[in-house]
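K.L.:
Structure supplied as input-v3.pdb; contents: PDB, C-alpha atoms.
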```
MODEL        1
ATOM      1  CA  MET A   1     -35.152 -56.220 -32.711  1.00  0.00           C
ATOM      2  CA  ARG A   2     -32.066 -54.868 -31.020  1.00  0.00           C
ATOM      3  CA  VAL A   3     -32.783 -53.776 -27.456  1.00  0.00           C
ATOM      4  CA  TYR A   4     -30.502 -52.176 -24.918  1.00  0.00           C
ATOM      5  CA  VAL A   5     -30.775 -53.426 -21.343  1.00  0.00           C
ATOM      6  CA  PRO A   6     -29.393 -51.157 -18.597  1.00  0.00           C
ATOM      7  CA  LEU A   7     -27.248 -52.957 -16.048  1.00  0.00           C
ATOM      8  CA  THR A   8     -24.484 -52.478 -13.515  1.00  0.00           C
ATOM      9  CA  LEU A   9     -21.206 -54.386 -13.329  1.00  0.00           C
ATOM     10  CA  PRO A  10     -22.597 -56.766 -10.655  1.00  0.00           C
ATOM     11  CA  GLY A  11     -25.713 -57.214 -12.814  1.00  0.00           C
ATOM     12  CA  LEU A  12     -23.527 -58.098 -15.797  1.00  0.00           C
ATOM     13  CA  ALA A  13     -21.584 -60.566 -13.638  1.00  0.00           C
ATOM     14  CA  GLU A  14     -24.837 -62.207 -12.519  1.00  0.00           C
ATOM     15  CA  ALA A  15     -26.115 -62.464 -16.103  1.00  0.00           C
ATOM     16  CA  HIS A  16     -22.808 -64.007 -17.178  1.00  0.00           C
ATOM     17  CA  ARG A  17     -22.910 -66.487 -14.275  1.00  0.00           C
ATOM     18  CA  THR A  18     -26.517 -67.569 -14.883  1.00  0.00           C
ATOM     19  CA  GLY A  19     -26.418 -67.381 -18.678  1.00  0.00           C
ATOM     20  CA  GLU A  20     -29.427 -65.073 -18.888  1.00  0.00           C
ATOM     21  CA  LEU A  21     -30.667 -61.563 -18.319  1.00  0.00           C
ATOM     22  CA  GLY A  22     -33.575 -61.782 -15.980  1.00  0.00           C
ATOM     23  CA  PRO A  23     -35.825 -62.801 -14.545  1.00  0.00           C
ATOM     24  CA  GLY A  24     -38.468 -60.953 -16.506  1.00  0.00           C
ATOM     25  CA  PRO A  25     -40.001 -58.579 -16.906  1.00  0.00           C
ATOM     26  CA  LEU A  26     -37.011 -56.579 -18.082  1.00  0.00           C
ATOM     27  CA  THR A  27     -36.982 -52.905 -18.946  1.00  0.00           C
ATOM     28  CA  ALA A  28     -34.972 -52.146 -22.062  1.00  0.00           C
ATOM     29  CA  TYR A  29     -34.727 -49.444 -24.707  1.00  0.00           C
ATOM     30  CA  ALA A  30     -35.172 -49.798 -28.451  1.00  0.00           C
ATOM     31  CA  VAL A  31     -36.041 -47.929 -31.604  1.00  0.00           C
ATOM     32  CA  THR A  32     -39.784 -47.614 -31.033  1.00  0.00           C
ATOM     33  CA  PRO A  33     -42.281 -45.458 -32.917  1.00  0.00           C
ATOM     34  CA  GLY A  34     -42.205 -43.053 -29.963  1.00  0.00           C
ATOM     35  CA  LEU A  35     -38.412 -42.787 -30.118  1.00  0.00           C
ATOM     36  CA  ARG A  36     -38.568 -42.187 -33.884  1.00  0.00           C
ATOM     37  CA  GLU A  37     -41.073 -39.394 -33.365  1.00  0.00           C
ATOM     38  CA  TRP A  38     -39.204 -37.913 -30.404  1.00  0.00           C
ATOM     39  CA  TYR A  39     -35.860 -37.745 -32.255  1.00  0.00           C
ATOM     40  CA  VAL A  40     -37.405 -36.950 -35.658  1.00  0.00           C
ATOM     41  CA  SER A  41     -34.840 -38.992 -37.529  1.00  0.00           C
ATOM     42  CA  ASP A  42     -34.814 -41.730 -40.121  1.00  0.00           C
ATOM     43  CA  ASP A  43     -31.127 -42.560 -39.591  1.00  0.00           C
ATOM     44  CA  ILE A  44     -31.195 -45.988 -37.932  1.00  0.00           C
ATOM     45  CA  GLU A  45     -27.690 -45.617 -36.493  1.00  0.00           C
ATOM     46  CA  GLU A  46     -28.649 -42.328 -34.878  1.00  0.00           C
ATOM     47  CA  LEU A  47     -31.825 -43.889 -33.486  1.00  0.00           C
ATOM     48  CA  GLU A  48     -29.944 -46.926 -32.147  1.00  0.00           C
ATOM     49  CA  TYR A  49     -27.494 -44.561 -30.447  1.00  0.00           C
ATOM     50  CA  ALA A  50     -30.434 -42.687 -28.909  1.00  0.00           C
ATOM     51  CA  ALA A  51     -31.837 -45.967 -27.531  1.00  0.00           C
ATOM     52  CA  LEU A  52     -28.391 -46.880 -26.161  1.00  0.00           C
ATOM     53  CA  SER A  53     -28.163 -43.444 -24.530  1.00  0.00           C
ATOM     54  CA  ARG A  54     -31.567 -43.917 -22.901  1.00  0.00           C
ATOM     55  CA  ALA A  55     -30.364 -47.241 -21.479  1.00  0.00           C
ATOM     56  CA  ALA A  56     -27.163 -45.599 -20.202  1.00  0.00           C
ATOM     57  CA  ALA A  57     -29.303 -43.002 -18.408  1.00  0.00           C
ATOM     58  CA  ALA A  58     -31.330 -45.829 -16.832  1.00  0.00           C
ATOM     59  CA  SER A  59     -28.110 -47.506 -15.710  1.00  0.00           C
ATOM     60  CA  LEU A  60     -27.073 -44.207 -14.085  1.00  0.00           C
ATOM     61  CA  ARG A  61     -30.411 -44.134 -12.231  1.00  0.00           C
ATOM     62  CA  THR A  62     -29.660 -47.570 -10.788  1.00  0.00           C
ATOM     63  CA  LEU A  63     -26.217 -46.375  -9.695  1.00  0.00           C
ATOM     64  CA  ALA A  64     -27.838 -43.365  -8.007  1.00  0.00           C
ATOM     65  CA  THR A  65     -30.022 -45.627  -5.869  1.00  0.00           C
ATOM     66  CA  GLU A  66     -27.207 -47.984  -4.857  1.00  0.00           C
ATOM     67  CA  PRO A  67     -24.085 -46.076  -3.725  1.00  0.00           C
ATOM     68  CA  SER A  68     -22.086 -49.268  -3.122  1.00  0.00           C
ATOM     69  CA  LEU A  69     -22.103 -50.239  -6.824  1.00  0.00           C
ATOM     70  CA  PRO A  70     -19.050 -49.619  -9.013  1.00  0.00           C
ATOM     71  CA  ARG A  71     -19.532 -46.269 -10.744  1.00  0.00           C
ATOM     72  CA  ARG A  72     -19.630 -47.469 -14.346  1.00  0.00           C
ATOM     73  CA  ARG A  73     -22.738 -47.456 -16.509  1.00  0.00           C
ATOM     74  CA  VAL A  74     -23.328 -50.779 -18.267  1.00  0.00           C
ATOM     75  CA  VAL A  75     -25.658 -51.547 -21.166  1.00  0.00           C
ATOM     76  CA  ILE A  76     -25.985 -54.884 -22.916  1.00  0.00           C
ATOM     77  CA  ALA A  77     -27.331 -55.039 -26.459  1.00  0.00           C
ATOM     78  CA  VAL A  78     -29.441 -58.108 -27.163  1.00  0.00           C
ATOM     79  CA  ASP A  79     -31.499 -59.255 -30.106  1.00  0.00           C
ATOM     80  CA  VAL A  80     -35.035 -60.404 -29.378  1.00  0.00           C
ATOM     81  CA  PRO A  81     -38.033 -61.117 -31.598  1.00  0.00           C
ATOM     82  CA  ASP A  82     -40.043 -57.935 -32.226  1.00  0.00           C
ATOM     83  CA  ARG A  83     -43.063 -59.473 -30.526  1.00  0.00           C
ATOM     84  CA  ASP A  84     -41.080 -59.860 -27.281  1.00  0.00           C
ATOM     85  CA  ALA A  85     -40.250 -56.150 -26.889  1.00  0.00           C
ATOM     86  CA  LEU A  86     -43.461 -54.304 -26.071  1.00  0.00           C
ATOM     87  CA  ALA A  87     -43.757 -50.547 -25.782  1.00  0.00           C
ATOM     88  CA  ASP A  88     -46.553 -49.125 -23.641  1.00  0.00           C
ATOM     89  CA  PRO A  89     -48.688 -47.140 -26.110  1.00  0.00           C
ATOM     90  CA  ASP A  90     -50.089 -45.009 -23.281  1.00  0.00           C
ATOM     91  CA  ARG A  91     -46.590 -43.763 -22.461  1.00  0.00           C
ATOM     92  CA  GLY A  92     -45.430 -43.379 -26.074  1.00  0.00           C
ATOM     93  CA  LEU A  93     -44.355 -39.737 -25.969  1.00  0.00           C
ATOM     94  CA  ASP A  94     -43.829 -39.397 -22.239  1.00  0.00           C
ATOM     95  CA  GLY A  95     -40.310 -37.941 -22.172  1.00  0.00           C
ATOM     96  CA  SER A  96     -39.242 -40.238 -19.344  1.00  0.00           C
ATOM     97  CA  SER A  97     -40.177 -43.384 -21.234  1.00  0.00           C
ATOM     98  CA  VAL A  98     -39.258 -42.650 -24.852  1.00  0.00           C
ATOM     99  CA  GLY A  99     -37.874 -45.844 -26.369  1.00  0.00           C
ATOM    100  CA  GLU A 100     -38.729 -47.927 -23.316  1.00  0.00           C
ATOM    101  CA  VAL A 101     -39.884 -51.487 -23.896  1.00  0.00           C
ATOM    102  CA  ARG A 102     -40.735 -54.403 -21.633  1.00  0.00           C
ATOM    103  CA  ILE A 103     -39.547 -57.931 -22.199  1.00  0.00           C
ATOM    104  CA  ALA A 104     -41.722 -60.419 -20.314  1.00  0.00           C
ATOM    105  CA  ALA A 105     -39.241 -63.261 -19.868  1.00  0.00           C
ATOM    106  CA  ALA A 106     -35.550 -63.716 -19.195  1.00  0.00           C
ATOM    107  CA  VAL A 107     -33.296 -63.362 -22.242  1.00  0.00           C
ATOM    108  CA  PRO A 108     -30.502 -65.907 -22.831  1.00  0.00           C
ATOM    109  CA  MET A 109     -27.037 -64.373 -22.902  1.00  0.00           C
ATOM    110  CA  ALA A 110     -26.591 -66.196 -26.209  1.00  0.00           C
ATOM    111  CA  LYS A 111     -28.787 -63.418 -27.677  1.00  0.00           C
ATOM    112  CA  ALA A 112     -26.294 -60.741 -26.558  1.00  0.00           C
ATOM    113  CA  ALA A 113     -24.621 -58.841 -29.362  1.00  0.00           C
ATOM    114  CA  ALA A 114     -22.350 -56.491 -27.415  1.00  0.00           C
ATOM    115  CA  VAL A 115     -21.717 -54.845 -24.076  1.00  0.00           C
ATOM    116  CA  HIS A 116     -21.229 -51.112 -23.590  1.00  0.00           C
ATOM    117  CA  VAL A 117     -19.399 -49.927 -20.462  1.00  0.00           C
ATOM    118  CA  ASP A 118     -17.913 -46.679 -19.197  1.00  0.00           C
ATOM    119  CA  ALA A 119     -14.152 -46.343 -19.380  1.00  0.00           C
ATOM    120  CA  ASP A 120     -12.286 -46.077 -16.080  1.00  0.00           C
ATOM    121  CA  ALA A 121     -11.728 -42.384 -16.865  1.00  0.00           C
ATOM    122  CA  ALA A 122     -15.477 -41.746 -16.556  1.00  0.00           C
ATOM    123  CA  HIS A 123     -15.554 -42.850 -12.902  1.00  0.00           C
ATOM    124  CA  ASP A 124     -15.458 -39.399 -11.281  1.00  0.00           C
ATOM    125  CA  ASP A 125     -18.027 -37.875 -13.628  1.00  0.00           C
ATOM    126  CA  VAL A 126     -20.365 -40.869 -13.319  1.00  0.00           C
ATOM    127  CA  SER A 127     -20.025 -40.783  -9.520  1.00  0.00           C
ATOM    128  CA  ALA A 128     -20.822 -37.075  -9.436  1.00  0.00           C
ATOM    129  CA  ALA A 129     -23.752 -37.543 -11.826  1.00  0.00           C
ATOM    130  CA  ALA A 130     -25.228 -40.354  -9.724  1.00  0.00           C
ATOM    131  CA  ALA A 131     -24.978 -38.141  -6.633  1.00  0.00           C
ATOM    132  CA  ALA A 132     -26.559 -35.158  -8.432  1.00  0.00           C
ATOM    133  CA  LEU A 133     -29.369 -37.016 -10.185  1.00  0.00           C
ATOM    134  CA  GLY A 134     -32.021 -36.391  -7.522  1.00  0.00           C
ATOM    135  CA  ALA A 135     -31.382 -32.654  -7.498  1.00  0.00           C
ATOM    136  CA  ALA A 136     -31.333 -32.577 -11.308  1.00  0.00           C
ATOM    137  CA  ASP A 137     -34.733 -34.283 -11.322  1.00  0.00           C
ATOM    138  CA  GLN A 138     -35.985 -31.473  -9.071  1.00  0.00           C
ATOM    139  CA  GLY A 139     -34.885 -28.833 -11.593  1.00  0.00           C
ATOM    140  CA  ASP A 140     -31.475 -27.851 -10.220  1.00  0.00           C
ATOM    141  CA  ASP A 141     -29.557 -26.549 -13.240  1.00  0.00           C
ATOM    142  CA  ASP A 142     -26.128 -27.057 -11.656  1.00  0.00           C
ATOM    143  CA  ALA A 143     -27.001 -30.648 -10.826  1.00  0.00           C
ATOM    144  CA  GLN A 144     -28.253 -31.183 -14.396  1.00  0.00           C
ATOM    145  CA  PHE A 145     -24.929 -29.857 -15.678  1.00  0.00           C
ATOM    146  CA  THR A 146     -23.192 -32.487 -13.532  1.00  0.00           C
ATOM    147  CA  VAL A 147     -25.457 -35.245 -14.865  1.00  0.00           C
ATOM    148  CA  ASP A 148     -24.767 -34.067 -18.409  1.00  0.00           C
ATOM    149  CA  GLY A 149     -21.045 -34.408 -17.648  1.00  0.00           C
ATOM    150  CA  ALA A 150     -21.466 -38.178 -17.376  1.00  0.00           C
ATOM    151  CA  GLU A 151     -23.375 -38.233 -20.649  1.00  0.00           C
ATOM    152  CA  ASP A 152     -20.365 -36.629 -22.318  1.00  0.00           C
ATOM    153  CA  HIS A 153     -18.524 -39.932 -21.840  1.00  0.00           C
ATOM    154  CA  GLU A 154     -19.123 -42.420 -24.635  1.00  0.00           C
ATOM    155  CA  LEU A 155     -19.674 -45.978 -23.508  1.00  0.00           C
ATOM    156  CA  LEU A 156     -16.993 -48.299 -24.836  1.00  0.00           C
ATOM    157  CA  TRP A 157     -17.992 -51.264 -27.009  1.00  0.00           C
ATOM    158  CA  TYR A 158     -17.003 -54.789 -25.979  1.00  0.00           C
ATOM    159  CA  GLY A 159     -17.703 -58.124 -27.590  1.00  0.00           C
ATOM    160  CA  VAL A 160     -19.588 -60.594 -25.408  1.00  0.00           C
ATOM    161  CA  GLN A 161     -16.479 -62.781 -25.266  1.00  0.00           C
ATOM    162  CA  GLU A 162     -14.838 -59.929 -23.303  1.00  0.00           C
ATOM    163  CA  ILE A 163     -17.347 -60.048 -20.436  1.00  0.00           C
ATOM    164  CA  PRO A 164     -15.084 -62.158 -18.159  1.00  0.00           C
ATOM    165  CA  GLY A 165     -12.420 -59.444 -18.375  1.00  0.00           C
ATOM    166  CA  LEU A 166     -14.956 -56.725 -17.559  1.00  0.00           C
ATOM    167  CA  ILE A 167     -16.327 -58.429 -14.476  1.00  0.00           C
ATOM    168  CA  GLY A 168     -13.183 -60.156 -13.273  1.00  0.00           C
TER
ENDMDL
END
```
Can the structure from this file be put into structure tokens for me?

P.N.:
Amino acid sequence: MRVYVPLTLPGLAEAHRTGELGPGPLTAYAVTPGLREWYVSDDIEELEYAALSRAAAASLRTLATEPSLPRRRVVIAVDVPDRDALADPDRGLDGSSVGEVRIAAAVPMAKAAAVHVDADAAHDDVSAAAAALGAADQGDDDAQFTVDGAEDHELLWYGVQEIPGLIG
């Protein structure tokens, strides 16, 4: 199963240095039954993109809690056995957890398929979105508009062999 693990640039650097994502448990996003039902789609590429987008939103949440981090959302796509990515059936259609899975143990970086990172041009919008996230969560429409501005930026795709250039 392809899962999308939200990170930050320092988190990616740490995973590269240690050779694994972890320690577990890890929160990731994947095409789960709940995500399929939520997005009402059978197009696997569309569903994978939705899972990636959920992970990007989780990365933004981490940035919002740590102002010193570089303002770029980071998501790493890894392949794990289906049995290792467990969705909580009690939270299946909870809007905040759609597509969320837990991975109990660390995942070797050798399982990484790709890395998705914001372009430098997204910096200002991602910074503003991280700052506005709390207000958006409280229902502020202007703040939500700012958060949506970050989501307008597509994450760029990088091969895992490009990680040293991303973190260096």

K.L.:
Place a sphere of radius 12 Å on (-24.2, -47.6, -5.9) in the file coordinates and name every protein, DNA or RNA residue with an atom inside or on its surface, counting all atoms listed in the file; give the answer as a short mmCIF file (atom, residue, chain, number, x, y, z; two decimals) with C-alpha atoms, in the coordinates of the input.

P.N.:
```cif
data_model
loop_
_atom_site.label_atom_id
_atom_site.label_comp_id
_atom_site.auth_asym_id
_atom_site.auth_seq_id
_atom_site.Cartn_x
_atom_site.Cartn_y
_atom_site.Cartn_z
CA LEU A 7 -27.25 -52.96 -16.05
CA THR A 8 -24.48 -52.48 -13.52
CA LEU A 9 -21.21 -54.39 -13.33
CA PRO A 10 -22.60 -56.77 -10.66
CA GLY A 11 -25.71 -57.21 -12.81
CA SER A 59 -28.11 -47.51 -15.71
CA LEU A 60 -27.07 -44.21 -14.08
CA ARG A 61 -30.41 -44.13 -12.23
CA THR A 62 -29.66 -47.57 -10.79
CA LEU A 63 -26.22 -46.38 -9.70
CA ALA A 64 -27.84 -43.36 -8.01
CA THR A 65 -30.02 -45.63 -5.87
CA GLU A 66 -27.21 -47.98 -4.86
CA PRO A 67 -24.08 -46.08 -3.72
CA SER A 68 -22.09 -49.27 -3.12
CA LEU A 69 -22.10 -50.24 -6.82
CA PRO A 70 -19.05 -49.62 -9.01
CA ARG A 71 -19.53 -46.27 -10.74
CA ARG A 72 -19.63 -47.47 -14.35
CA ARG A 73 -22.74 -47.46 -16.51
CA VAL A 126 -20.36 -40.87 -13.32
CA SER A 127 -20.02 -40.78 -9.52
CA ALA A 128 -20.82 -37.08 -9.44
CA ALA A 129 -23.75 -37.54 -11.83
CA ALA A 130 -25.23 -40.35 -9.72
CA ALA A 131 -24.98 -38.14 -6.63
#
```

K.L.:
Can you tell me, as a PDB file with C-alpha atoms, in the frame of the given file, what residues are no more than 8 Å from Asp84 in chain A when counting all atoms listed in the file, ignoring any on the same chain fewer than 2 positions away?

P.N.:
```pdb
ATOM      1  CA  VAL A  80     -35.035 -60.404 -29.378  1.00  0.00           C
ATOM      2  CA  PRO A  81     -38.033 -61.117 -31.598  1.00  0.00           C
ATOM      3  CA  ASP A  82     -40.043 -57.935 -32.226  1.00  0.00           C
ATOM      4  CA  LEU A  86     -43.461 -54.304 -26.071  1.00  0.00           C
ATOM      5  CA  ARG A 102     -40.735 -54.403 -21.633  1.00  0.00           C
ATOM      6  CA  ILE A 103     -39.547 -57.931 -22.199  1.00  0.00           C
ATOM      7  CA  ALA A 104     -41.722 -60.419 -20.314  1.00  0.00           C
TER       8      ALA A 104
END
```

K.L.:
Residues near range 74-78 of chain A, anyone? I mean within 6 Å using all atoms listed in the file, not counting same-chain ones fewer than 3 positions away, as a list of chain:residue names.

P.N.:
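Contacts, in chain order: A:Arg2, A:Val3, A:Tyr4, A:Val5, A:Pro6, A:Leu7, A:Thr8, A:Lys111, A:Ala112, A:Ala113, A:Ala114, A:Val115, A:His116, A:Val117.
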
K.L.:
Identify which of the residues A:His153, A:Glu14, A:Val31, A:Ala121 lies closest to Glu46 in chain A, counting only C-alpha atoms when measuring atom-to-atom distances.

P.N.:
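Nearest to Glu46 in chain A: A:Val31.
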
K.L.:
Enter the distance from CA of Glu37 in chain A to CA of Val98 in chain A, in Å, rounded to one decimal.

P.N.:
9.3 Å

K.L.:
Excluding Gln144 in chain A and residues on its chain fewer than 3 positions from it, collect all residues at most 9 Å away from it, counting only C-alpha atoms, and give them as a list in words.

P.N.:
Ala129, Ala132, Leu133, Ala135, Ala136, Asp137, Gly139, Asp140, Asp141, Val147, Asp148 and Gly149 of chain A

K.L.:
Take the residues just selected and output them with C-alpha atoms as a PDB file, keeping the file's coordinate frame.

P.N.:
```
ATOM      1  CA  ALA A 129     -23.752 -37.543 -11.826  1.00  0.00           C
ATOM      2  CA  ALA A 132     -26.559 -35.158  -8.432  1.00  0.00           C
ATOM      3  CA  LEU A 133     -29.369 -37.016 -10.185  1.00  0.00           C
ATOM      4  CA  ALA A 135     -31.382 -32.654  -7.498  1.00  0.00           C
ATOM      5  CA  ALA A 136     -31.333 -32.577 -11.308  1.00  0.00           C
ATOM      6  CA  ASP A 137     -34.733 -34.283 -11.322  1.00  0.00           C
ATOM      7  CA  GLY A 139     -34.885 -28.833 -11.593  1.00  0.00           C
ATOM      8  CA  ASP A 140     -31.475 -27.851 -10.220  1.00  0.00           C
ATOM      9  CA  ASP A 141     -29.557 -26.549 -13.240  1.00  0.00           C
ATOM     10  CA  VAL A 147     -25.457 -35.245 -14.865  1.00  0.00           C
ATOM     11  CA  ASP A 148     -24.767 -34.067 -18.409  1.00  0.00           C
ATOM     12  CA  GLY A 149     -21.045 -34.408 -17.648  1.00  0.00           C
TER      13      GLY A 149
END
```

K.L.:
Would you compute the distance between CA of Ala119 in chain A and CA of Leu156 in chain A? Give it in Å to one decimal.

P.N.:
6.5 Å

K.L.:
Report, in Å to a single decimal, how far apart CA of Val107 in chain A and CA of Pro23 in chain A are.

P.N.:
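Pair CA of Pro23 in chain A / CA of Val107 in chain A returns 8.1 Å.
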
K.L.:
Counting all atoms listed in the file, which residue out of A:Asp142, A:Asp79, A:Asp125, A:Asp88 sits closest to Ala110 in chain A?

P.N.:
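The shortest atom-to-atom distance to Ala110 in chain A comes from A:Asp79.
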
K.L.:
Identify which of the residues A:Leu35, A:Ala50, A:Ala15, A:Ala58 lies closest to Val160 in chain A, counting only C-alpha atoms when measuring atom-to-atom distances.

P.N.:
A:Ala15

K.L.:
Taking the file as shown, what set of residues would the PyMOL selection byres ((chain A and resi 17) around 12) give back, as a list in words?

P.N.:
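Applying the PyMOL selection byres ((chain A and resi 17) around 12) to the structure shown produces Pro10, Gly11, Leu12, Ala13, Glu14, Ala15, His16, Thr18, Gly19, Glu20, Leu21, Gly22, Pro108, Met109, Ile163, Pro164, Ile167 and Gly168 of chain A.
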
K.L.:
The PyMOL selection byres ((chain A and resi 33) around 12) - which residues does that actually catch in the file I just gave you? List them as a compact mmCIF listing (two decimals) with C-alpha atoms, keeping the file's coordinate frame.

P.N.:
```
# COMPACT_ATOMS: atom_id res chain seq x y z
CA TYR A 29 -34.73 -49.44 -24.71
CA ALA A 30 -35.17 -49.80 -28.45
CA VAL A 31 -36.04 -47.93 -31.60
CA THR A 32 -39.78 -47.61 -31.03
CA GLY A 34 -42.20 -43.05 -29.96
CA LEU A 35 -38.41 -42.79 -30.12
CA ARG A 36 -38.57 -42.19 -33.88
CA GLU A 37 -41.07 -39.39 -33.36
CA TRP A 38 -39.20 -37.91 -30.40
CA TYR A 39 -35.86 -37.74 -32.26
CA VAL A 40 -37.40 -36.95 -35.66
CA SER A 41 -34.84 -38.99 -37.53
CA ASP A 42 -34.81 -41.73 -40.12
CA LEU A 47 -31.82 -43.89 -33.49
CA ALA A 51 -31.84 -45.97 -27.53
CA LEU A 86 -43.46 -54.30 -26.07
CA ALA A 87 -43.76 -50.55 -25.78
CA ASP A 88 -46.55 -49.12 -23.64
CA PRO A 89 -48.69 -47.14 -26.11
CA ARG A 91 -46.59 -43.76 -22.46
CA GLY A 92 -45.43 -43.38 -26.07
CA LEU A 93 -44.36 -39.74 -25.97
CA VAL A 98 -39.26 -42.65 -24.85
CA GLY A 99 -37.87 -45.84 -26.37
CA GLU A 100 -38.73 -47.93 -23.32
CA VAL A 101 -39.88 -51.49 -23.90
```

K.L.:
Kindly indicate which residue among A:Ala57, A:Asp152, A:Pro25, A:Asp120 lies nearest to Leu166 in chain A, using all atoms listed in the file for the distances.

P.N.:
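Ranking A:Ala57, A:Asp152, A:Pro25, A:Asp120 by distance to Leu166 in chain A, first place goes to A:Asp120.
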
K.L.:
Using N, CA and C atoms, give me range 16-27 of chain A from the structure I just pasted, as a PDB file, in the first residue's frame.

P.N.:
```pdb
ATOM      1  N   HIS A  16      16.607  10.819   6.424  1.00  0.00           N
ATOM      2  CA  HIS A  16      17.708  10.507   5.503  1.00  0.00           C
ATOM      3  C   HIS A  16      18.957  10.096   6.286  1.00  0.00           C
ATOM      4  N   ARG A  17      19.237  10.806   7.380  1.00  0.00           N
ATOM      5  CA  ARG A  17      20.425  10.531   8.188  1.00  0.00           C
ATOM      6  C   ARG A  17      20.327   9.161   8.858  1.00  0.00           C
ATOM      7  N   THR A  18      19.156   8.825   9.395  1.00  0.00           N
ATOM      8  CA  THR A  18      19.007   7.570  10.129  1.00  0.00           C
ATOM      9  C   THR A  18      18.643   6.387   9.236  1.00  0.00           C
ATOM     10  N   GLY A  19      18.162   6.677   8.029  1.00  0.00           N
ATOM     11  CA  GLY A  19      17.766   5.604   7.122  1.00  0.00           C
ATOM     12  C   GLY A  19      16.373   5.060   7.374  1.00  0.00           C
ATOM     13  N   GLU A  20      15.593   5.777   8.208  1.00  0.00           N
ATOM     14  CA  GLU A  20      14.224   5.314   8.464  1.00  0.00           C
ATOM     15  C   GLU A  20      13.324   6.477   8.877  1.00  0.00           C
ATOM     16  N   LEU A  21      12.043   6.272   8.609  1.00  0.00           N
ATOM     17  CA  LEU A  21      11.012   7.168   9.117  1.00  0.00           C
ATOM     18  C   LEU A  21      10.561   6.583  10.435  1.00  0.00           C
ATOM     19  N   GLY A  22      10.637   7.332  11.471  1.00  0.00           N
ATOM     20  CA  GLY A  22      10.232   6.784  12.752  1.00  0.00           C
ATOM     21  C   GLY A  22      10.867   7.542  13.881  1.00  0.00           C
ATOM     22  N   PRO A  23      10.718   7.042  15.059  1.00  0.00           N
ATOM     23  CA  PRO A  23      10.161   5.743  15.411  1.00  0.00           C
ATOM     24  C   PRO A  23       8.642   5.728  15.259  1.00  0.00           C
ATOM     25  N   GLY A  24       8.086   4.525  15.313  1.00  0.00           N
ATOM     26  CA  GLY A  24       6.647   4.375  15.253  1.00  0.00           C
ATOM     27  C   GLY A  24       6.032   4.716  16.598  1.00  0.00           C
ATOM     28  N   PRO A  25       4.752   4.889  16.661  1.00  0.00           N
ATOM     29  CA  PRO A  25       3.840   4.814  15.523  1.00  0.00           C
ATOM     30  C   PRO A  25       3.892   6.089  14.684  1.00  0.00           C
ATOM     31  N   LEU A  26       3.694   5.912  13.403  1.00  0.00           N
ATOM     32  CA  LEU A  26       3.663   7.014  12.448  1.00  0.00           C
ATOM     33  C   LEU A  26       2.228   7.254  12.000  1.00  0.00           C
ATOM     34  N   THR A  27       1.885   8.506  11.811  1.00  0.00           N
ATOM     35  CA  THR A  27       0.614   8.847  11.187  1.00  0.00           C
ATOM     36  C   THR A  27       0.893   9.092   9.718  1.00  0.00           C
TER      37      THR A  27
END
```
